[in-house]
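Here the structure comes first, spelled out in structure tokens, and everything after it is commentary.
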Amino acid sequence: MNRQIELLMELQKLDSGIIEKTRRIASIPAKISAVEKPLNDAKSLLEAERLRLTAIEKKKKDKEREADGINDKINKSKARTSEIKTNKEYQAHLKEIEAGEKERSVVEDAILNLMVELDAVSAGLKSAEKTVAEEQKKVDAVSSELQEEVKGEEKELHGLKAGRPELTKSVEPELYGFYMSLLDALGGLAVVEAKGERCKGCNMNIPPQLFVELKNTEEIIQCPQCRRILYFMEAA
């Protein structure tokens, strides 16, 4: 086999490793984002529960102030009882007090309902806080694991890149430029094996005569379909 072809095969193997390591490193942020989604959803739910709790607490305080105002009004009305002169005025006065007490009862019922709602929301808030804590632990554990994975991949990638210059300087410059143009154009795969009259790059059939020529020549032969550089390996 042509020595230059052998060098290109080695270079392709090296570059495939570099491409794969680079792809794996680039995929890490997406993996972290995926595991963070349940955490972010839990945080959103927690924030919604907090806002709901705050809104209910405000309603309760507003109702309590309203109840205080009604009580003041009732007390003032009762304080005027001694000033009433006629029976008619007294009856009207009693109706005024009764109306105030009914109004107060409605407000107090509303306060009780809000207190029940507060208890339910508080329980939901505690549950949401627990979920956030649990999801945070998962994210921390996975993030730590993925960061270690990145370190390992980057170390291996550095080793692969470090060996590339020594290999490329043995490849003829013109051939190397041709190889790089194919590598860029064909998704990082420029040199492939031809086996059983089929290109393993595009999986298309190779003309029988071209396949015979590939097995017997030292020349650079490309796949007629995908233009990748082909090589043939004798069966072991």
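Note on naming: chains are A, B, ... as they come in the structure tokens, residues start from 1 per chain, ligands start from 1 in the order shown.
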Polymer residues at most 12 Å from Asn203 (chain A), only C-alpha atoms, same-chain spacing of 2 or more positions, as a short mmCIF file (atom, residue, chain, number, x, y, z; two decimals) with N, CA and C atoms, in the first residue's frame:
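In the end it all went to around-v6.cif:
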```cif
data_model
loop_
_atom_site.label_atom_id
_atom_site.label_comp_id
_atom_site.auth_asym_id
_atom_site.auth_seq_id
_atom_site.Cartn_x
_atom_site.Cartn_y
_atom_site.Cartn_z
N VAL A 192 -11.73 6.48 3.69
CA VAL A 192 -12.54 5.35 4.12
C VAL A 192 -12.13 4.07 3.43
N GLU A 193 -12.50 2.98 4.06
CA GLU A 193 -12.20 1.67 3.48
C GLU A 193 -13.23 1.32 2.40
N ALA A 194 -12.76 0.63 1.37
CA ALA A 194 -13.66 0.04 0.37
C ALA A 194 -13.67 -1.46 0.62
N LYS A 195 -14.86 -1.99 0.81
CA LYS A 195 -14.96 -3.42 1.14
C LYS A 195 -16.15 -4.02 0.42
N GLY A 196 -15.92 -5.17 -0.22
CA GLY A 196 -17.01 -5.82 -0.95
C GLY A 196 -17.60 -4.94 -2.03
N GLU A 197 -16.72 -4.20 -2.73
CA GLU A 197 -17.13 -3.30 -3.81
C GLU A 197 -18.12 -2.23 -3.33
N ARG A 198 -17.93 -1.82 -2.06
CA ARG A 198 -18.81 -0.80 -1.50
C ARG A 198 -17.98 0.20 -0.69
N CYS A 199 -18.25 1.48 -0.88
CA CYS A 199 -17.59 2.53 -0.13
C CYS A 199 -18.22 2.60 1.27
N LYS A 200 -17.40 2.51 2.31
CA LYS A 200 -17.93 2.53 3.67
C LYS A 200 -18.19 3.95 4.16
N GLY A 201 -17.91 4.92 3.30
CA GLY A 201 -18.22 6.31 3.65
C GLY A 201 -19.65 6.67 3.29
N ASN A 205 -22.26 1.43 -4.02
CA ASN A 205 -21.44 0.47 -4.75
C ASN A 205 -20.35 1.18 -5.54
N ILE A 206 -19.21 0.50 -5.63
CA ILE A 206 -18.08 0.98 -6.44
C ILE A 206 -18.05 0.14 -7.71
N CYS A 223 -13.93 7.69 -4.22
CA CYS A 223 -15.26 7.12 -4.47
C CYS A 223 -15.97 7.99 -5.51
N PRO A 224 -16.52 7.38 -6.55
CA PRO A 224 -17.20 8.16 -7.59
C PRO A 224 -18.45 8.88 -7.05
N GLN A 225 -18.98 8.37 -5.94
CA GLN A 225 -20.23 8.93 -5.41
C GLN A 225 -19.97 10.08 -4.43
N CYS A 226 -19.14 9.82 -3.41
CA CYS A 226 -18.95 10.82 -2.35
C CYS A 226 -17.60 11.53 -2.40
N ARG A 228 -14.71 10.58 -1.42
CA ARG A 228 -13.75 10.25 -0.36
C ARG A 228 -12.62 9.40 -0.91
#
```
At a cut-off of 10 Å, can you tabulate as CSV every residue of region 129-227 of chain A near region 30-51 of chain A together with its closest atom pair and the distance in Å to one decimal, using only C-alpha atoms and ordering rows by chain then number?
```
residue,atom,partner,partner_atom,distance
A:Glu129,CA,A:Leu46,CA,6.4
A:Lys130,CA,A:Ala42,CA,9.4
A:Thr131,CA,A:Ala42,CA,6.5
A:Val132,CA,A:Ala42,CA,5.5
A:Ala133,CA,A:Leu39,CA,8.7
A:Glu134,CA,A:Leu39,CA,8.6
A:Glu135,CA,A:Leu39,CA,5.1
A:Gln136,CA,A:Leu39,CA,6.3
A:Lys137,CA,A:Leu39,CA,9.5
A:Lys138,CA,A:Val35,CA,7.9
A:Val139,CA,A:Glu36,CA,6.1
A:Asp140,CA,A:Glu36,CA,9.4
A:Val142,CA,A:Ile32,CA,7.5
A:Ser143,CA,A:Ile32,CA,6.3
A:Ser144,CA,A:Ile32,CA,10.0
A:Leu146,CA,A:Ile32,CA,7.7
A:Gln147,CA,A:Ile32,CA,9.6
```
TODO: Tell me which protein, DNA and RNA residues are within 8 Å of region 118-122 of chain A, counting only C-alpha atoms, leaving out same-chain ones fewer than 2 positions away, and put them as a VMD selection string.
DONE: chain A and resid 49 52 to 53 56 to 57 114 to 116 124 to 126
Export of prior selection with N, CA, C and O atoms as a compact mmCIF listing (two decimals), in the first residue's frame:
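Generated output (result_16.txt):
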```
# COMPACT_ATOMS: atom_id res chain seq x y z
N GLU A 49 -45.59 29.48 44.21
CA GLU A 49 -46.19 29.23 45.52
C GLU A 49 -45.89 30.38 46.49
O GLU A 49 -46.76 30.77 47.29
N ARG A 52 -48.07 33.23 45.54
CA ARG A 52 -49.45 32.93 45.95
C ARG A 52 -49.62 33.14 47.45
O ARG A 52 -50.62 33.70 47.90
N LEU A 53 -48.64 32.68 48.22
CA LEU A 53 -48.69 32.85 49.68
C LEU A 53 -48.72 34.33 50.05
O LEU A 53 -49.51 34.77 50.89
N ILE A 56 -52.12 35.85 49.29
CA ILE A 56 -53.15 35.45 50.25
C ILE A 56 -52.94 36.17 51.59
O ILE A 56 -53.90 36.62 52.24
N GLU A 57 -51.68 36.27 52.01
CA GLU A 57 -51.38 36.99 53.26
C GLU A 57 -51.83 38.44 53.18
O GLU A 57 -52.35 39.00 54.15
N LEU A 114 -59.44 32.27 54.17
CA LEU A 114 -58.07 32.63 53.77
C LEU A 114 -57.04 31.92 54.64
O LEU A 114 -55.98 31.51 54.16
N MET A 115 -57.37 31.74 55.92
CA MET A 115 -56.46 31.01 56.82
C MET A 115 -56.33 29.55 56.41
O MET A 115 -55.24 28.97 56.41
N VAL A 116 -57.46 28.95 55.99
CA VAL A 116 -57.43 27.57 55.50
C VAL A 116 -56.60 27.48 54.23
O VAL A 116 -55.78 26.57 54.04
N GLY A 124 -47.94 23.34 50.48
CA GLY A 124 -47.44 23.23 49.10
C GLY A 124 -46.07 23.87 48.95
O GLY A 124 -45.22 23.38 48.22
N LEU A 125 -45.87 24.97 49.69
CA LEU A 125 -44.58 25.67 49.65
C LEU A 125 -43.47 24.80 50.23
O LEU A 125 -42.38 24.70 49.66
N LYS A 126 -43.76 24.13 51.35
CA LYS A 126 -42.77 23.24 51.96
C LYS A 126 -42.43 22.08 51.02
O LYS A 126 -41.28 21.68 50.89
```
Task: 8 Å contact set for region 207-214 of chain A, only C-alpha atoms, chain neighbours under 5 positions out, as a PyMOL selection string - done: chain A and resi 194+197+219+221+230-232
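The residue that comes closest to Ile28 (chain A), out of A:Ala185, A:Ile70, A:Lys151, A:Glu172 and on the basis of only C-alpha atoms, is A:Lys151.
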